[in-house]
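Here's the structure we're looking at; comments come further down.
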Amino acid sequence: METMTRKHQFDLTSQLPTSQAFLLRRSQASSRPPGMADKGVKVFGMWASPMAIRAEWALRLKGVDYEYIDEDLANKSEALLRYNPVTEKVPVLVHDGKPLAESTVIVEYIDEAWKDGYPIMPADPFERAQARFWARFAEEKCNAALYPIFMTTGEAQSKLVQEAQQCLKTLETALEGKTFFGGDAFGYLDIVTGWYAYWLPIIEEVTGVAIVTDEALPLIKAWFDRVVVVDAVKATLPPRDKLLALNKARREQLLSA
Amino acid sequence: MSSSSMSANISGEPPAVRVLGSWASPFVHRVLVALNLKGVEHEVLQETVGKKSELLLRYNPVHKKIPVLLHHGKPIAESLVIVEYIDEAWASSNGAPAILPRDPYRRAVERFWAHYVDDKFPQGIRVLRGSEAGGDKNKAAEEMSAALQHLEEAFARCSQGKHYFGGDSIGYLDIALGSHLGWVRAVEKIAGVQLLDDAKVPNLAAWADRFCAHPAVVDVMPDADKLVQFTVEHAALLKAVNAPK
């Protein structure tokens with residue numbers, strides 16, 4: 001949910017060494033001739049945002065070149081605010097000058113706009129409905145169950161961990177008998193939930209709790225290992241040490257507030 | 001639990017399309033309007049207020065909420081997911097119009113606004129009808145007016161001078177927003193606020209009347225007064241239900 005990046009708006013990125021190499025690796029700026037400024041694909045994101053990264057994963061699965069623009073959420077660019085005046089959030093996708101916001105909407109758009117490429121959504125209408133149903137469940141229930149863990153300690157936190165595990169256990173049923181949520185291949189629901197594979201272990205380290213364990217969530221745990229080696233994912237994940245540092249600092253700030 | 005309209009067909013099988021619903025739920029209205037637009041025969045199974053049927057618990061074990069669409073016994077839940085399914089499953093039925101536009105960008109724009117609607121309206125309506133303990137009604141009214149202002153602008157862009165967000169015919173965003181109109185009008189009465197203000201949102205105000213009078217909607221959308229009465233009768237229940245989807 002984009003609200004995660006909004007809530008944690010105090011900017012620590014300025015205190016970290018600028019990760020130019022990392023950002024350059026993500027961006028694939030194509031040099032465009034003058035007058036062609038509107039052509040092509042741009043993604044406005046934030047390097048630590050698990051929601052914004054979805055747009056990149058979808059584009060990379062389709063083999064689409066794009067320019068990545070990293071936003072300082074405490075000081076949003078004029079371009080971002082112009083392209084998304086309604087919610088002012090990342091990610092924003094701009095395709096040939098036309099902007100779109102809302103990460104799950106963007107992912108479905110990418111699938112439809114480049115329909116002859118890698119299939120992101122299932123083909124069958126009932127399967128598509130299931131994928132959309134679970135994506136909403138993950139976004140609305142699981143994420144809501146996970147965020148508070150980050151902001152609590154002790155007994156209250158233990159209870160929240162159990163609730164989050166129950167939520168993820170329900171989601172796990174959609175993975176039964178499959179390699180990915182999408183079946184044999186990484187698909188829409190994997191794009192929407194894949195951030196768990198990288199961000200949750202970091203949250204676990206920062207908060208000192210175990211959420212996704214072999215005992216509690218064996219299928220999801222095994223799926224984590226498969227997610228992080230998908231090419232599109234590998235190419236875009238932020239450096240672990242920087243993400244860890246950012247989240248450690250955020251938690252300290254939240255707990256001391 | 002009472003069932004309305006269609007009974008089992010000649011072979012004794014249940015109808016192909018059934019909806020688990022409630023006459024008061026805007027999320028159920030979305031499904032019924034979509035089925036009506038496509039001309040799909042369906043049976044509505046009305047849930048008893050305050051009691052979840054065995055079918056509901058079986059077919060939506062995750063959320064235990066209406067609406068649920070049963071298509072040849074296969075369940076689909078989440079109102080907007082169901083609407084998209086209806087659009088896809090009856091893609092070119094009887095020359096029925098498409099619910100979502102064909103163009104990918106226009107589809108994405110309508111999906112964005114539908115997401116926005118559900119972000120703003122259900123919670124605002126809950127506060128304005130008094131279902132939220134300690135809810136700030138003035139703030140809720142302001143936020144909903146601001147949201148309507150954004151949607152007024154979106155209407156101009158989406159409709160391109162035509163009658164609906166979808167153009168000549170009712171589409172996805174019309175359904176997503178339009179389904180809330182019954183309750184919007186009800187909370188205008190309950191809270192004594194004006195949301196669909198002719199002066200502030202003239203296009204939306206006119207569209208609202210058109211939508212509610214549309215043949216696919218007119219028998220589905222309850223009167224605001226009935227919803228006001230529902231609020232009075234079920235005050236305790238409405239407080240207990242968390243933000244509906």
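Here, A, B, ... name the chains of the structure tokens in the order displayed, residue numbers run from 1 inside each chain, and ligands are numbered from 1 in the same displayed order.
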Identify all chain B residues at most 10 Å from chain A by counting only C-alpha atoms; ligands do not count. Present them as a PyMOL selection string.
chain B and resi 62-63+71+74-89+102-113+115-116+147+150
Could those residues be written to a file, using N, CA, C and O atoms, as a CSV table (one decimal), in the first residue's frame?
chain,number,residue,atom,x,y,z
B,62,VAL,N,-13.2,-16.8,3.6
B,62,VAL,CA,-12.2,-15.8,3.9
B,62,VAL,C,-12.7,-14.6,4.5
B,62,VAL,O,-12.3,-14.1,5.6
B,63,HIS,N,-13.7,-14.0,3.9
B,63,HIS,CA,-14.3,-12.7,4.4
B,63,HIS,C,-15.7,-12.9,5.1
B,63,HIS,O,-16.1,-12.0,5.8
B,71,HIS,N,-21.2,-19.0,-10.1
B,71,HIS,CA,-21.4,-19.2,-11.5
B,71,HIS,C,-21.2,-20.7,-11.7
B,71,HIS,O,-20.1,-21.2,-11.6
B,74,LYS,N,-19.3,-22.1,-8.9
B,74,LYS,CA,-18.0,-21.6,-8.6
B,74,LYS,C,-18.1,-20.2,-8.0
B,74,LYS,O,-18.7,-19.4,-8.6
B,75,PRO,N,-17.6,-20.0,-6.8
B,75,PRO,CA,-17.8,-18.7,-6.1
B,75,PRO,C,-16.7,-17.7,-6.5
B,75,PRO,O,-15.5,-18.0,-6.6
B,76,ILE,N,-17.2,-16.5,-6.6
B,76,ILE,CA,-16.3,-15.3,-6.7
B,76,ILE,C,-16.8,-14.3,-5.7
B,76,ILE,O,-18.0,-14.0,-5.6
B,77,ALA,N,-15.8,-13.7,-5.0
B,77,ALA,CA,-16.1,-12.7,-4.0
B,77,ALA,C,-15.4,-11.4,-4.3
B,77,ALA,O,-14.4,-11.4,-5.1
B,78,GLU,N,-15.7,-10.3,-3.6
B,78,GLU,CA,-15.2,-8.9,-3.8
B,78,GLU,C,-15.9,-8.3,-5.0
B,78,GLU,O,-15.7,-8.7,-6.2
B,79,SER,N,-16.7,-7.3,-4.7
B,79,SER,CA,-17.6,-6.7,-5.7
B,79,SER,C,-17.0,-6.3,-7.0
B,79,SER,O,-17.5,-6.7,-8.1
B,80,LEU,N,-15.9,-5.6,-7.0
B,80,LEU,CA,-15.3,-5.1,-8.2
B,80,LEU,C,-14.6,-6.3,-9.0
B,80,LEU,O,-14.6,-6.3,-10.2
B,81,VAL,N,-14.1,-7.3,-8.3
B,81,VAL,CA,-13.6,-8.5,-8.9
B,81,VAL,C,-14.7,-9.2,-9.6
B,81,VAL,O,-14.6,-9.7,-10.7
B,82,ILE,N,-15.9,-9.3,-9.0
B,82,ILE,CA,-17.0,-9.9,-9.6
B,82,ILE,C,-17.5,-9.2,-10.8
B,82,ILE,O,-17.8,-9.8,-11.9
B,83,VAL,N,-17.5,-7.8,-10.8
B,83,VAL,CA,-17.9,-7.0,-11.9
B,83,VAL,C,-17.0,-7.3,-13.1
B,83,VAL,O,-17.4,-7.5,-14.3
B,84,GLU,N,-15.7,-7.4,-12.9
B,84,GLU,CA,-14.7,-7.6,-14.0
B,84,GLU,C,-15.0,-9.0,-14.5
B,84,GLU,O,-14.9,-9.3,-15.7
B,85,TYR,N,-15.2,-10.0,-13.6
B,85,TYR,CA,-15.5,-11.4,-14.0
B,85,TYR,C,-16.7,-11.4,-14.9
B,85,TYR,O,-16.7,-12.1,-16.0
B,86,ILE,N,-17.8,-10.7,-14.5
B,86,ILE,CA,-19.0,-10.7,-15.3
B,86,ILE,C,-18.7,-10.1,-16.7
B,86,ILE,O,-19.2,-10.6,-17.7
B,87,ASP,N,-17.9,-9.1,-16.7
B,87,ASP,CA,-17.6,-8.5,-18.0
B,87,ASP,C,-16.8,-9.5,-18.9
B,87,ASP,O,-17.1,-9.5,-20.1
B,88,GLU,N,-16.0,-10.3,-18.3
B,88,GLU,CA,-15.2,-11.2,-19.1
B,88,GLU,C,-15.9,-12.5,-19.4
B,88,GLU,O,-15.8,-13.0,-20.5
B,89,ALA,N,-16.7,-13.0,-18.5
B,89,ALA,CA,-17.4,-14.2,-18.7
B,89,ALA,C,-18.6,-14.1,-19.7
B,89,ALA,O,-18.9,-15.0,-20.4
B,102,ARG,N,-12.5,-0.8,-23.9
B,102,ARG,CA,-11.5,-1.7,-24.6
B,102,ARG,C,-10.1,-1.2,-24.4
B,102,ARG,O,-9.1,-2.0,-24.3
B,103,ASP,N,-9.9,0.1,-24.5
B,103,ASP,CA,-8.6,0.7,-24.5
B,103,ASP,C,-7.9,0.5,-23.1
B,103,ASP,O,-8.4,0.8,-22.1
B,104,PRO,N,-6.7,-0.1,-23.1
B,104,PRO,CA,-6.0,-0.3,-21.9
B,104,PRO,C,-5.8,0.9,-21.0
B,104,PRO,O,-5.9,0.8,-19.7
B,105,TYR,N,-5.5,2.1,-21.6
B,105,TYR,CA,-5.3,3.2,-20.7
B,105,TYR,C,-6.6,3.7,-20.1
B,105,TYR,O,-6.7,4.0,-18.9
B,106,ARG,N,-7.7,3.7,-20.9
B,106,ARG,CA,-9.0,4.0,-20.3
B,106,ARG,C,-9.4,3.1,-19.2
B,106,ARG,O,-10.0,3.4,-18.2
B,107,ARG,N,-9.1,1.8,-19.4
B,107,ARG,CA,-9.4,0.8,-18.4
B,107,ARG,C,-8.7,1.1,-17.1
B,107,ARG,O,-9.3,1.1,-16.0
B,108,ALA,N,-7.4,1.4,-17.2
B,108,ALA,CA,-6.6,1.7,-16.1
B,108,ALA,C,-7.1,3.0,-15.4
B,108,ALA,O,-7.1,3.1,-14.1
B,109,VAL,N,-7.5,4.0,-16.1
B,109,VAL,CA,-8.0,5.2,-15.5
B,109,VAL,C,-9.3,4.9,-14.7
B,109,VAL,O,-9.5,5.3,-13.6
B,110,GLU,N,-10.2,4.1,-15.3
B,110,GLU,CA,-11.4,3.7,-14.6
B,110,GLU,C,-11.1,2.9,-13.3
B,110,GLU,O,-11.7,3.1,-12.3
B,111,ARG,N,-10.1,2.0,-13.4
B,111,ARG,CA,-9.8,1.2,-12.3
B,111,ARG,C,-9.2,2.1,-11.2
B,111,ARG,O,-9.4,1.9,-10.0
B,112,PHE,N,-8.4,3.0,-11.6
B,112,PHE,CA,-7.8,3.9,-10.6
B,112,PHE,C,-8.9,4.7,-9.8
B,112,PHE,O,-8.9,4.7,-8.6
B,113,TRP,N,-9.8,5.2,-10.5
B,113,TRP,CA,-10.9,6.0,-9.9
B,113,TRP,C,-11.8,5.0,-9.0
B,113,TRP,O,-12.3,5.4,-8.0
B,115,HIS,N,-10.8,2.5,-7.4
B,115,HIS,CA,-10.0,2.2,-6.2
B,115,HIS,C,-10.1,3.4,-5.3
B,115,HIS,O,-10.3,3.3,-4.1
B,116,TYR,N,-10.1,4.6,-5.9
B,116,TYR,CA,-10.2,5.9,-5.1
B,116,TYR,C,-11.6,5.9,-4.5
B,116,TYR,O,-11.7,6.3,-3.3
B,147,ALA,N,-13.6,14.6,-2.4
B,147,ALA,CA,-13.5,13.4,-3.3
B,147,ALA,C,-14.4,13.6,-4.5
B,147,ALA,O,-14.1,13.3,-5.6
B,150,HIS,N,-13.0,15.9,-7.1
B,150,HIS,CA,-12.0,15.2,-7.9
B,150,HIS,C,-12.8,14.4,-9.0
B,150,HIS,O,-12.4,14.3,-10.2
Taking the DSSP secondary structure from the backbone, can you list the residues of range 16-212 of chain B that are helix (DSSP H, G or I), as a PyMOL selection string?
chain B and resi 26-38+54-59+79-89+93-95+104-128+137-159+172-178+181-191+202-212
Long-range neighbours of range 181-197 of chain A as a ChimeraX atom specification, 10 Å cut-off, only C-alpha atoms, 3 positions minimum in chain
/A:49-51,53-58,61,103-104,107-108,111,118-122,127-128,130-136,138-139,142-143,171-178,200-203,212,220-228,230,233,237
Could you pull the residues within 6 Å of range 159-175 of chain B, counting only C-alpha atoms, minus those fewer than 2 positions along the same chain, as a VMD selection string?
chain B and resid 30 99 to 100 110 114 155 to 157 177 to 179
From the list B:Val49, B:Leu196, B:Val28, B:Ala213, which residue is nearest Ala236 in chain B when using only C-alpha atoms?
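Using only C-alpha atoms, the shortest distance to Ala236 in chain B belongs to B:Val49.
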From a backbone DSSP assignment, name each residue in range 21-223 of chain A labelled strand (DSSP E), as a CSV table (one decimal) with N, CA and C atoms, in the first residue's frame.
chain,number,residue,atom,x,y,z
A,41,VAL,N,8.6,5.1,-21.7
A,41,VAL,CA,8.0,4.7,-20.5
A,41,VAL,C,8.8,5.2,-19.3
A,42,LYS,N,8.2,5.9,-18.3
A,42,LYS,CA,8.8,6.3,-17.1
A,42,LYS,C,8.2,5.7,-15.9
A,43,VAL,N,9.0,5.4,-14.9
A,43,VAL,CA,8.4,5.0,-13.6
A,43,VAL,C,8.9,5.9,-12.5
A,44,PHE,N,8.0,6.5,-11.8
A,44,PHE,CA,8.4,7.3,-10.7
A,44,PHE,C,8.2,6.4,-9.5
A,45,GLY,N,9.3,6.2,-8.7
A,45,GLY,CA,9.3,5.3,-7.6
A,45,GLY,C,10.1,5.8,-6.5
A,67,GLU,N,12.5,4.5,-18.1
A,67,GLU,CA,13.4,5.4,-17.3
A,67,GLU,C,12.8,5.4,-15.9
A,68,TYR,N,13.7,5.2,-15.0
A,68,TYR,CA,13.3,5.1,-13.6
A,68,TYR,C,13.7,6.4,-12.9
A,69,ILE,N,12.7,7.1,-12.2
A,69,ILE,CA,13.0,8.3,-11.5
A,69,ILE,C,12.8,8.1,-10.0
A,70,ASP,N,13.8,8.3,-9.2
A,70,ASP,CA,13.7,8.0,-7.8
A,70,ASP,C,13.2,9.3,-7.1
A,92,VAL,N,4.2,6.0,-10.1
A,92,VAL,CA,3.4,6.5,-11.2
A,92,VAL,C,4.1,6.0,-12.4
A,93,LEU,N,3.3,5.5,-13.4
A,93,LEU,CA,3.8,5.1,-14.7
A,93,LEU,C,3.4,6.1,-15.7
A,94,VAL,N,4.3,6.5,-16.5
A,94,VAL,CA,4.0,7.5,-17.6
A,94,VAL,C,4.3,6.8,-18.9
A,95,HIS,N,3.3,6.5,-19.7
A,95,HIS,CA,3.5,5.8,-21.0
A,95,HIS,C,3.1,6.8,-22.1
A,98,LYS,N,1.2,9.7,-20.9
A,98,LYS,CA,0.0,9.5,-20.2
A,98,LYS,C,0.3,8.8,-18.9
A,99,PRO,N,-0.2,9.5,-17.8
A,99,PRO,CA,0.2,9.0,-16.4
A,99,PRO,C,-0.8,8.0,-15.9
A,100,LEU,N,-0.4,7.1,-15.0
A,100,LEU,CA,-1.2,6.2,-14.3
A,100,LEU,C,-0.7,6.1,-12.9
A,101,ALA,N,-1.6,5.9,-11.9
A,101,ALA,CA,-1.2,5.7,-10.5
A,101,ALA,C,-1.9,4.5,-10.0
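We find CA of Val44 in chain B and CA of Ala24 in chain B to be spaced 12.9 Å apart.
For the choices A:Ala210, A:Met46, A:Ala52, A:Leu246, the atom-to-atom distance to Ser77 in chain A is smallest for A:Met46 when using only C-alpha atoms.
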